[in-house]
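*Asks:* The structure is given below, and queries will be raised subsequently.
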Amino acid sequence: MRIDQLLHWLCLAKSRSLAARGCRQQRVLVNGEPARPARAVRAGDELTLVSTSGRQRRRLRIRDLPACAISRKQAREHYEVLEESAQPIDLDREGEIEAGG
């Protein structure tokens with residue numbers, strides 16, 4: 001599954017285009033490497049979402065991939081949070097990645 005699609009389906013970005021923008025700005029890492037929007041993601045991969053300032057981070061491990069877009073509550077079952085900054089990261093505001101997931 002594409003990383004931009006996954007971020008949208010897991011409610012980590014309001015749209016696929018906002019997720020793609022975060023990727024192009026190198027604020028989305030997959031297994032420690034900057035991810036292009038079309039980067040394939042699999043269960044077990046580790047995602048790092050970084051704010052535009054670089055001060056806030058959120059690390060997630062993908063448990064399994066959803067078959068379609070799901071609710072925010074259901075999305076939480078598909079990943080585990082490994083690390084999270086005190087301040088939320090929001091992709092939809094000023095081009096940041098959403099932390100609410």
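Just remember, in the structure tokens the first chain shown is A, the second B, etc., residues are 1-based per chain, and ligands are 1-based in the order shown.
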Could you tell me, as a PyMOL selection string, which residues of chain A DSSP assigns to strand (DSSP E or B) when given the backbone?
*Replies:* chain A and resi 2+28-30+33-34+40+46-50+57-62+79-84
*Asks:* Excluding Asp45 in chain A and any residue of its chain fewer than 5 positions from it, enumerate the residues within 12 Å of it, using only C-alpha atoms, and give them as a VMD selection string.
*Replies:* chain A and resid 1 3 6 29 to 33 35 39 to 40 59 to 65 78 to 80 82
*Asks:* So, with only C-alpha atoms as the atoms that count, which of A:Cys23, A:Cys68, A:Asp4, A:Lys73 lies closest to Val50 in chain A?
*Replies:* A:Cys23
*Asks:* Applying 9 Å and only C-alpha atoms, which residues near Gln5 in chain A remain after dropping the ones on its own chain fewer than 6 positions away? List them as a list in words.
*Replies:*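 My reading of the contact set: Ser15, Arg16, Ser17, Ala19, Ala20, Pro37, Ala38 and Ala69 of chain A.
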*Asks:* Please indicate the distance in Å from CA of Leu7 in chain A to CA of Glu83 in chain A, rounded to one decimal place.
*Replies:* 17.0 Å
*Asks:* Report, in Å to a single decimal, how far apart CA of Leu10 in chain A and CA of Ser51 in chain A are.
*Replies:*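 So the answer is 17.8 Å.
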*Asks:* Check the smallest atom-to-atom distance from each of A:Pro66, A:Val41, A:Pro34, A:Gln25 to Ser53 in chain A using only C-alpha atoms, then report the winner.
*Replies:*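 Answer, going by the shortest atom-to-atom distance: A:Gln25.
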*Asks:* Using backbone DSSP assignments, extract all alpha helix (DSSP H) residues from chain A; output them as a list in words.
*Replies:*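 Of chain A, the ones in alpha helix (DSSP H) are Ile3, Asp4, Gln5, Leu6, Leu7, His8, Trp9, Arg16, Ser17, Leu18, Ala19, Ala20, Arg21, Gly22, Cys23, Arg24, Arg72, Lys73, Gln74 and Ala75 of chain A.
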*Asks:* What's the separation between CA of Leu18 in chain A and CA of Gly44 in chain A, in Å to one decimal place?
*Replies:* 23.5 Å
